$ cat coords_24.txt   # compact mmCIF, C-alpha atoms
# COMPACT_ATOMS: atom_id res chain seq x y z
CA MET A 1 104.48 -56.37 -11.01
CA SER A 2 101.64 -57.06 -8.55
CA ARG A 3 99.56 -60.19 -8.75
CA ARG A 4 96.61 -58.12 -9.95
CA ASP A 5 98.61 -56.48 -12.74
CA PHE A 6 99.97 -59.90 -13.72
CA ILE A 7 96.41 -61.18 -14.09
CA TYR A 8 95.44 -58.14 -16.17
CA THR A 9 98.47 -58.55 -18.41
CA LEU A 10 97.58 -62.17 -19.09
CA SER A 11 93.97 -61.24 -19.82
CA ALA A 12 94.95 -58.40 -22.14
CA THR A 13 97.44 -60.54 -24.02
CA GLY A 14 95.38 -63.69 -24.22
CA ALA A 15 91.91 -62.33 -24.87
CA ALA A 16 91.18 -58.65 -25.21
CA LEU A 17 93.79 -57.28 -27.55
CA SER A 18 93.24 -59.99 -30.14
CA VAL A 19 89.60 -59.04 -30.71
CA ALA A 20 88.61 -56.05 -32.82
CA ALA A 21 85.27 -55.03 -34.26
CA CYS A 22 83.71 -52.56 -36.66
CA SER A 23 86.89 -50.66 -37.58
CA SER A 24 86.29 -47.33 -39.31
CA SER A 25 89.97 -46.65 -39.94
CA GLY A 26 89.45 -46.42 -43.68
CA SER A 27 86.62 -43.90 -43.68
CA GLY A 28 87.73 -40.40 -44.43
CA GLY A 29 91.28 -40.23 -43.12
CA GLY A 30 92.27 -38.29 -40.02
CA SER A 31 94.06 -39.24 -36.86
CA ALA A 32 93.26 -42.84 -35.88
CA VAL A 33 92.28 -43.67 -32.29
CA ARG A 34 92.15 -47.19 -30.87
CA PHE A 35 89.07 -47.25 -28.67
CA GLY A 36 88.20 -50.05 -26.25
CA TYR A 37 84.72 -51.02 -25.16
CA ILE A 38 82.83 -53.78 -23.34
CA ALA A 39 80.12 -55.70 -25.19
CA ASP A 40 77.11 -54.11 -23.50
CA TYR A 41 74.88 -51.09 -24.00
CA ASN A 42 76.96 -48.79 -21.79
CA GLY A 43 80.19 -49.67 -23.53
CA ALA A 44 79.03 -49.86 -27.13
CA SER A 45 76.23 -47.35 -27.70
CA LEU A 46 78.25 -44.14 -28.13
CA LEU A 47 80.80 -45.82 -30.38
CA ALA A 48 78.02 -47.27 -32.51
CA ILE A 49 76.35 -43.86 -32.79
CA ALA A 50 79.61 -42.06 -33.61
CA GLU A 51 80.28 -44.54 -36.41
CA GLU A 52 76.77 -44.40 -37.85
CA ARG A 53 76.53 -40.60 -37.65
CA GLY A 54 79.97 -39.94 -39.13
CA LEU A 55 81.13 -38.09 -36.02
CA TRP A 56 84.73 -39.33 -36.12
CA LYS A 57 85.21 -37.93 -39.61
CA LYS A 58 83.44 -34.69 -38.64
CA HIS A 59 86.06 -34.09 -35.95
CA GLY A 60 89.06 -35.13 -38.04
CA LEU A 61 89.44 -38.62 -36.57
CA THR A 62 89.01 -42.26 -37.45
CA ALA A 63 88.28 -44.99 -34.93
CA GLU A 64 89.43 -48.54 -34.45
CA PRO A 65 87.05 -50.03 -31.86
CA LYS A 66 88.34 -53.05 -29.92
CA VAL A 67 86.16 -55.19 -27.65
CA PHE A 68 87.42 -56.22 -24.20
CA VAL A 69 86.05 -58.43 -21.43
CA ASN A 70 86.27 -55.71 -18.74
CA GLY A 71 87.63 -52.29 -17.82
CA PRO A 72 90.85 -53.23 -16.02
CA VAL A 73 92.31 -54.98 -19.07
CA GLN A 74 91.66 -51.83 -21.10
CA ILE A 75 93.56 -49.72 -18.61
CA GLN A 76 96.41 -52.22 -18.75
CA ALA A 77 96.36 -51.83 -22.56
CA LEU A 78 96.43 -48.04 -22.19
CA ARG A 79 99.48 -48.33 -19.99
CA THR A 80 101.32 -50.59 -22.45
CA GLY A 81 100.52 -48.36 -25.45
CA ASN A 82 98.16 -50.85 -27.10
CA LEU A 83 95.08 -48.65 -26.73
CA ASP A 84 94.33 -44.91 -26.82
CA TYR A 85 90.94 -44.75 -25.06
CA GLY A 86 88.70 -47.15 -23.23
CA TYR A 87 85.42 -47.60 -21.40
CA ILE A 88 85.19 -48.67 -17.75
CA GLY A 89 82.39 -49.45 -15.35
CA PRO A 90 82.21 -48.18 -11.77
CA GLY A 91 84.10 -51.15 -10.36
CA ALA A 92 87.24 -50.14 -12.22
CA LEU A 93 87.22 -46.49 -11.14
CA TRP A 94 89.87 -47.22 -8.51
CA LEU A 95 92.39 -47.53 -11.36
CA PRO A 96 92.19 -43.91 -12.61
CA ALA A 97 91.91 -42.83 -8.97
CA SER A 98 95.27 -44.56 -8.36
CA GLY A 99 96.88 -42.68 -11.27
CA LYS A 100 96.77 -45.41 -13.91
CA ALA A 101 94.44 -43.52 -16.32
CA THR A 102 92.51 -40.26 -16.73
CA ILE A 103 88.75 -39.99 -16.99
CA VAL A 104 87.94 -37.80 -19.99
CA ALA A 105 84.15 -38.17 -19.90
CA ILE A 106 81.42 -39.54 -17.67
CA ASN A 107 79.12 -41.83 -19.66
CA THR A 108 76.13 -43.03 -17.63
CA LEU A 109 75.01 -44.12 -14.19
CA THR A 110 74.55 -47.88 -14.10
CA TYR A 111 72.71 -50.21 -11.76
CA ALA A 112 73.32 -53.47 -13.61
CA ASP A 113 75.55 -55.27 -11.09
CA ARG A 114 74.40 -58.14 -8.92
CA VAL A 115 75.50 -60.91 -6.62
CA ILE A 116 73.87 -64.11 -7.82
CA ALA A 117 73.60 -67.53 -6.19
CA ARG A 118 72.61 -71.04 -7.11
CA PRO A 119 69.04 -72.25 -6.47
CA GLY A 120 68.42 -72.78 -2.78
CA ILE A 121 70.68 -69.93 -1.63
CA THR A 122 68.44 -67.01 -0.72
CA SER A 123 70.76 -64.41 0.81
CA ILE A 124 74.32 -63.15 0.75
CA ARG A 125 74.83 -64.88 4.08
CA GLY A 126 74.01 -68.16 2.35
CA LEU A 127 77.28 -67.81 0.43
CA ARG A 128 79.37 -68.01 3.59
CA GLY A 129 82.20 -70.51 3.01
CA LYS A 130 81.11 -71.14 -0.59
CA LYS A 131 82.88 -70.54 -3.91
CA VAL A 132 82.03 -67.18 -5.44
CA GLY A 133 83.40 -66.25 -8.87
CA VAL A 134 84.26 -62.64 -9.62
CA PRO A 135 86.23 -60.70 -12.23
CA GLU A 136 88.73 -58.85 -10.04
CA GLY A 137 88.80 -55.06 -10.13
CA THR A 138 85.41 -54.82 -11.86
CA SER A 139 81.91 -53.71 -10.93
CA GLY A 140 81.12 -57.36 -10.19
CA GLU A 141 83.67 -57.30 -7.38
CA MET A 142 82.33 -53.90 -6.32
CA ALA A 143 78.79 -55.32 -6.00
CA LEU A 144 80.10 -58.28 -4.04
CA ASN A 145 82.04 -56.05 -1.65
CA LEU A 146 79.03 -53.79 -1.11
CA ALA A 147 76.78 -56.76 -0.37
CA LEU A 148 79.28 -58.34 2.02
CA GLN A 149 79.77 -55.06 3.90
CA ARG A 150 76.02 -54.58 4.28
CA ALA A 151 75.71 -58.13 5.66
CA GLY A 152 78.57 -57.58 8.11
CA MET A 153 80.82 -59.94 6.18
CA THR A 154 84.12 -59.66 4.30
CA MET A 155 85.83 -61.50 1.47
CA LYS A 156 87.33 -63.78 4.14
CA ASP A 157 83.85 -65.18 4.77
CA ILE A 158 83.61 -66.64 1.27
CA SER A 159 85.93 -68.55 -1.04
CA LYS A 160 86.56 -65.96 -3.75
CA VAL A 161 87.55 -67.39 -7.14
CA ALA A 162 89.07 -64.83 -9.54
CA MET A 163 88.00 -65.40 -13.14
CA ASP A 164 87.10 -63.33 -16.19
CA ALA A 165 83.47 -62.55 -16.96
CA PRO A 166 82.87 -65.20 -19.67
CA THR A 167 84.34 -67.83 -17.36
CA VAL A 168 81.95 -66.76 -14.60
CA VAL A 169 79.06 -67.58 -16.93
CA SER A 170 80.32 -71.04 -17.82
CA ALA A 171 81.49 -71.85 -14.28
CA PHE A 172 78.14 -70.89 -12.76
CA ALA A 173 76.20 -72.81 -15.39
CA SER A 174 78.26 -75.95 -14.82
CA GLY A 175 78.00 -75.78 -11.02
CA GLN A 176 81.70 -75.10 -10.41
CA ILE A 177 80.88 -72.02 -8.32
CA ASP A 178 78.01 -71.32 -5.92
CA GLY A 179 77.73 -67.60 -6.51
CA ALA A 180 79.15 -64.71 -8.49
CA GLY A 181 79.60 -60.96 -8.59
CA ILE A 182 78.57 -60.17 -12.17
CA TRP A 183 76.40 -57.85 -14.26
CA TYR A 184 73.69 -57.62 -16.91
CA PRO A 185 73.47 -58.60 -19.76
CA LEU A 186 75.59 -61.61 -18.74
CA ILE A 187 73.08 -62.41 -16.00
CA ASP A 188 70.39 -62.90 -18.64
CA THR A 189 72.64 -65.50 -20.27
CA ILE A 190 73.12 -67.23 -16.91
CA LYS A 191 69.35 -67.23 -16.27
CA GLY A 192 68.86 -69.12 -19.51
CA LYS A 193 71.27 -71.81 -18.32
CA VAL A 194 70.24 -71.90 -14.64
CA PRO A 195 66.54 -70.92 -14.46
CA GLY A 196 66.38 -71.09 -10.65
CA MET A 197 69.28 -68.69 -10.16
CA ARG A 198 68.76 -66.14 -7.38
CA GLU A 199 69.81 -62.48 -7.22
CA VAL A 200 70.82 -62.05 -3.58
CA ALA A 201 72.19 -58.48 -3.83
CA SER A 202 71.98 -55.59 -6.29
CA THR A 203 73.46 -52.14 -6.69
CA GLU A 204 69.83 -50.99 -6.96
CA ASP A 205 69.57 -51.81 -3.23
CA PHE A 206 71.86 -48.89 -2.37
CA SER A 207 69.53 -45.94 -2.68
CA GLY A 208 71.26 -42.59 -2.87
CA SER A 209 74.44 -44.13 -4.30
CA ALA A 210 75.66 -43.32 -7.81
CA PHE A 211 77.67 -45.76 -9.91
CA PRO A 212 79.15 -43.85 -12.88
CA THR A 213 80.64 -45.39 -15.99
CA ALA A 214 83.35 -43.47 -17.80
CA PHE A 215 85.66 -43.15 -20.79
CA VAL A 216 89.37 -43.02 -20.03
CA SER A 217 92.65 -42.18 -21.70
CA ALA A 218 96.23 -42.84 -20.71
CA ALA A 219 97.32 -40.94 -17.59
CA LYS A 220 99.26 -38.51 -19.80
CA GLY A 221 97.06 -37.84 -22.79
CA LYS A 222 97.33 -35.76 -25.94
CA PRO A 223 95.31 -32.57 -25.28
CA GLU A 224 94.15 -31.76 -28.81
CA ARG A 225 93.24 -35.36 -29.62
CA ASP A 226 91.53 -35.67 -26.24
CA ARG A 227 89.44 -32.60 -27.01
CA LYS A 228 88.32 -34.03 -30.35
CA VAL A 229 87.49 -37.42 -28.86
CA VAL A 230 85.48 -35.83 -26.06
CA ALA A 231 83.61 -33.71 -28.62
CA VAL A 232 82.67 -36.91 -30.49
CA LEU A 233 81.50 -38.57 -27.28
CA GLN A 234 79.45 -35.52 -26.29
CA GLU A 235 77.72 -35.28 -29.66
CA ALA A 236 77.00 -39.01 -29.66
CA ASN A 237 75.78 -38.75 -26.06
CA ASP A 238 73.21 -36.09 -26.91
CA TRP A 239 71.99 -38.07 -29.92
CA ARG A 240 71.57 -41.13 -27.65
CA ALA A 241 69.58 -39.09 -25.12
CA ALA A 242 67.27 -37.84 -27.88
CA HIS A 243 66.95 -41.19 -29.71
CA PRO A 244 66.91 -44.01 -27.15
CA GLU A 245 65.28 -46.66 -29.33
CA GLU A 246 67.51 -45.96 -32.32
CA SER A 247 70.54 -46.02 -30.01
CA ILE A 248 69.60 -49.48 -28.79
CA ALA A 249 69.29 -50.64 -32.38
CA LEU A 250 72.72 -49.26 -33.32
CA ALA A 251 74.34 -50.80 -30.23
CA ALA A 252 72.74 -54.14 -31.06
CA LYS A 253 74.12 -53.90 -34.59
CA LEU A 254 77.66 -53.26 -33.34
CA LEU A 255 77.38 -56.06 -30.78
CA GLY A 256 75.73 -58.52 -33.14
CA ALA A 257 73.08 -58.98 -30.45
CA ASP A 258 69.30 -59.22 -30.30
CA GLU A 259 67.70 -55.78 -29.90
CA ALA A 260 65.37 -57.01 -27.15
CA LYS A 261 68.36 -58.15 -25.06
CA VAL A 262 70.15 -54.83 -25.55
CA ALA A 263 66.94 -53.00 -24.61
CA ALA A 264 66.72 -55.06 -21.41
CA ASP A 265 70.33 -54.15 -20.65
CA ALA A 266 69.59 -50.46 -21.25
CA GLU A 267 66.84 -50.56 -18.59
CA HIS A 268 69.58 -50.67 -15.92
CA VAL A 269 71.19 -47.47 -17.24
CA LYS A 270 70.55 -43.80 -16.54
CA THR A 271 71.69 -41.59 -19.43
CA MET A 272 72.25 -37.86 -19.15
CA THR A 273 72.67 -35.07 -21.67
CA THR A 274 76.00 -33.34 -22.11
CA ALA A 275 74.51 -30.19 -20.62
CA GLU A 276 73.56 -32.14 -17.50
CA LEU A 277 77.05 -33.62 -17.23
CA VAL A 278 78.66 -30.21 -17.72
CA ALA A 279 76.42 -28.74 -15.01
CA GLY A 280 77.26 -31.68 -12.75
CA THR A 281 80.95 -31.15 -13.35
CA LYS A 282 80.71 -27.46 -12.52
CA ASP A 283 78.53 -27.77 -9.41
CA GLY A 284 80.46 -30.65 -7.87
CA THR A 285 77.91 -33.42 -8.46
CA VAL A 286 80.32 -35.49 -10.55
CA ASP A 287 83.05 -34.92 -7.97
CA LYS A 288 80.68 -36.26 -5.32
CA TRP A 289 80.02 -39.42 -7.38
CA LEU A 290 83.69 -40.08 -7.97
CA ASP A 291 84.75 -39.22 -4.43
CA GLY A 292 82.10 -41.58 -3.09
CA MET A 293 83.54 -44.37 -5.23
CA SER A 294 87.09 -43.57 -4.10
CA ARG A 295 86.11 -43.73 -0.44
CA PHE A 296 84.47 -47.10 -1.07
CA PHE A 297 87.69 -48.39 -2.64
CA VAL A 298 89.64 -47.21 0.39
CA ARG A 299 87.38 -49.43 2.50
CA THR A 300 88.01 -52.40 0.22
CA GLY A 301 91.78 -51.81 0.28
CA GLN A 302 92.03 -51.12 -3.46
CA LEU A 303 93.08 -47.52 -2.69
CA GLN A 304 95.30 -46.36 0.15
CA LYS A 305 93.61 -42.97 0.30
CA SER A 306 90.91 -41.02 -1.50
CA PRO A 307 92.59 -38.60 -3.96
CA ALA A 308 91.29 -35.25 -5.14
CA VAL A 309 88.94 -35.88 -8.07
CA SER A 310 90.78 -33.25 -10.13
CA THR A 311 93.83 -35.54 -10.19
CA PHE A 312 92.04 -38.17 -12.28
CA TYR A 313 88.95 -36.56 -13.87
CA ALA A 314 89.64 -34.02 -16.63
CA GLY A 315 86.59 -31.92 -15.84
CA ASP A 316 88.00 -28.80 -17.46
CA LEU A 317 88.57 -30.74 -20.68
CA TYR A 318 84.97 -31.93 -20.64
CA THR A 319 83.41 -28.53 -20.00
CA LYS A 320 85.63 -26.70 -22.52
CA ALA A 321 84.93 -29.27 -25.24
CA ALA A 322 81.21 -28.72 -24.75
CA ALA A 323 81.60 -24.94 -25.04
CA ARG A 324 83.10 -25.06 -28.54
$ encode --input "coords_24.txt" --output "structure tokens"
Amino acid sequence: MSRRDFIYTLSATGAALSVAACSSSGSGGGSAVRFGYIADYNGASLLAIAEERGLWKKHGLTAEPKVFVNGPVQIQALRTGNLDYGYIGPGALWLPASGKATIVAINTLTYADRVIARPGITSIRGLRGKKVGVPEGTSGEMALNLALQRAGMTMKDISKVAMDAPTVVSAFASGQIDGAGIWYPLIDTIKGKVPGMREVASTEDFSGSAFPTAFVSAAKGKPERDRKVVAVLQEANDWRAAHPEESIALAAKLLGADEAKVAADAEHVKTMTTAELVAGTKDGTVDKWLDGMSRFFVRTGQLQKSPAVSTFYAGDLYTKAAAR
């Protein structure tokens, strides 16, 4: 087992798998699916809508949502049989690209990731030689890598400290680290604790780049169940696109969070209709997004080579589910 997998196993065992929320396993029977998510608008909104709108029951399923701290621990749980589906941000896309999971649906494009620094540090170069906390294998690490590359730096120019996302918040607030690769809405929490915090890099700085979030299954899924789950996600996705304010309210209810904070989080997200995602799958747009991410992960050393998108994105599954 690699050091990275060892870290993920510890995280999954010690934190993620013990936390469950809003189980609908008793509503209406049907095949139960254990579905992971992250406690933000991207991760929670479709699950909240599917529950509220009765979409699991409509498609002969029940859901057992489980909240996780990041995407990599969900993929580890998929691989150990402790989870059926999960949600990942763009920073974890190297895992399905390396054969550890299959993308069954694209969710959104997100621009919520930042590199932040303590007051007085005004640029990414100001973090040279300083302690920077980052959840490994996540979009926080992705944002940090992008910022370092743009500045002509590498991870060797900083003192990277691997830690999970909640620990980043507490470590930054207490002054144990000088910077972090992290994302909204956690950044809002950090701002409340360190008012002079600076954002020294953002994924919004990379115009023309797309950072997709996705739903994943185990590398070898169950075709009929996958089709039903994708149908639920597509129906919930279109309801979200048509009812943005109500979707924020439902996500806030699932998360137990203030609606204004969830709305602020949603401002960093681009949602698309299922028809748009089907068209993007057919015309190669989605392939371009995912291939761009794979090539980035080759540069960071997280992938040895950029694989064909068809080996890890079930585009045919997505388009056929929408046609029914």
$ residues_near_point --input "coords_24.txt" --point "(82.3, -38.3, -25.9)" --cutoff "10 Å" --atoms "all atoms listed in the file" --output "short mmCIF file (atom, residue, chain, number, x, y, z; two decimals) with C-alpha atoms, keeping the file's coordinate frame"
data_model
loop_
_atom_site.label_atom_id
_atom_site.label_comp_id
_atom_site.auth_asym_id
_atom_site.auth_seq_id
_atom_site.Cartn_x
_atom_site.Cartn_y
_atom_site.Cartn_z
CA LEU A 46 78.25 -44.14 -28.13
CA LEU A 47 80.80 -45.82 -30.38
CA ALA A 50 79.61 -42.06 -33.61
CA VAL A 104 87.94 -37.80 -19.99
CA ALA A 105 84.15 -38.17 -19.90
CA ILE A 106 81.42 -39.54 -17.67
CA ASN A 107 79.12 -41.83 -19.66
CA ALA A 214 83.35 -43.47 -17.80
CA PHE A 215 85.66 -43.15 -20.79
CA ASP A 226 91.53 -35.67 -26.24
CA ARG A 227 89.44 -32.60 -27.01
CA LYS A 228 88.32 -34.03 -30.35
CA VAL A 229 87.49 -37.42 -28.86
CA VAL A 230 85.48 -35.83 -26.06
CA ALA A 231 83.61 -33.71 -28.62
CA VAL A 232 82.67 -36.91 -30.49
CA LEU A 233 81.50 -38.57 -27.28
CA GLN A 234 79.45 -35.52 -26.29
CA GLU A 235 77.72 -35.28 -29.66
CA ALA A 236 77.00 -39.01 -29.66
CA ASN A 237 75.78 -38.75 -26.06
CA ASP A 238 73.21 -36.09 -26.91
CA THR A 274 76.00 -33.34 -22.11
CA TYR A 318 84.97 -31.93 -20.64
CA ALA A 321 84.93 -29.27 -25.24
CA ALA A 322 81.21 -28.72 -24.75
#
$ atom_distance --input "coords_24.txt" --atom1 "CA of Gln76 (chain A)" --atom2 "CA of Ala63 (chain A)"
19.5 Å
$ residues_near_point --input "coords_24.txt" --point "(83.7, -50.6, -0.6)" --cutoff "6 Å" --atoms "all atoms listed in the file" --output "PyMOL selection string"
chain A and resi 145-146+296-297+299-300
$ residues_around --input "coords_24.txt" --residues "Ser170 (chain A)" --least-positions-apart "6" --cutoff "12 Å" --atoms "all atoms listed in the file" --output "mmCIF file with C-alpha atoms, in the frame of the given file"
data_model
loop_
_atom_site.group_PDB
_atom_site.id
_atom_site.type_symbol
_atom_site.label_atom_id
_atom_site.label_comp_id
_atom_site.auth_asym_id
_atom_site.auth_seq_id
_atom_site.Cartn_x
_atom_site.Cartn_y
_atom_site.Cartn_z
ATOM 1 C CA GLY A 133 83.400 -66.250 -8.870
ATOM 2 C CA MET A 163 88.000 -65.400 -13.140
ATOM 3 C CA ASP A 164 87.100 -63.330 -16.190
ATOM 4 C CA GLN A 176 81.700 -75.100 -10.410
ATOM 5 C CA ILE A 177 80.880 -72.020 -8.320
ATOM 6 C CA ALA A 180 79.150 -64.710 -8.490
ATOM 7 C CA LEU A 186 75.590 -61.610 -18.740
ATOM 8 C CA ILE A 187 73.080 -62.410 -16.000
ATOM 9 C CA THR A 189 72.640 -65.500 -20.270
ATOM 10 C CA ILE A 190 73.120 -67.230 -16.910
ATOM 11 C CA LYS A 191 69.350 -67.230 -16.270
ATOM 12 C CA GLY A 192 68.860 -69.120 -19.510
ATOM 13 C CA LYS A 193 71.270 -71.810 -18.320
ATOM 14 C CA VAL A 194 70.240 -71.900 -14.640
#
$ residues_around --input "coords_24.txt" --residues "Ile49 (chain A)" --least-positions-apart "6" --cutoff "9 Å" --atoms "only C-alpha atoms" --output "ChimeraX atom specification"
/A:55,236-237,239-240,247,250-251
$ atom_distance --input "coords_24.txt" --atom1 "CA of Phe172 (chain A)" --atom2 "CA of Tyr87 (chain A)"
25.9 Å
$ atom_distance --input "coords_24.txt" --atom1 "CA of Arg114 (chain A)" --atom2 "CA of Gly71 (chain A)"
17.0 Å
$ closest_residue --input "coords_24.txt" --among "A:Met155, A:Ala210, A:Ile124, A:Ala101" --to "Asp178 (chain A)" --atoms "all atoms listed in the file"
A:Ile124
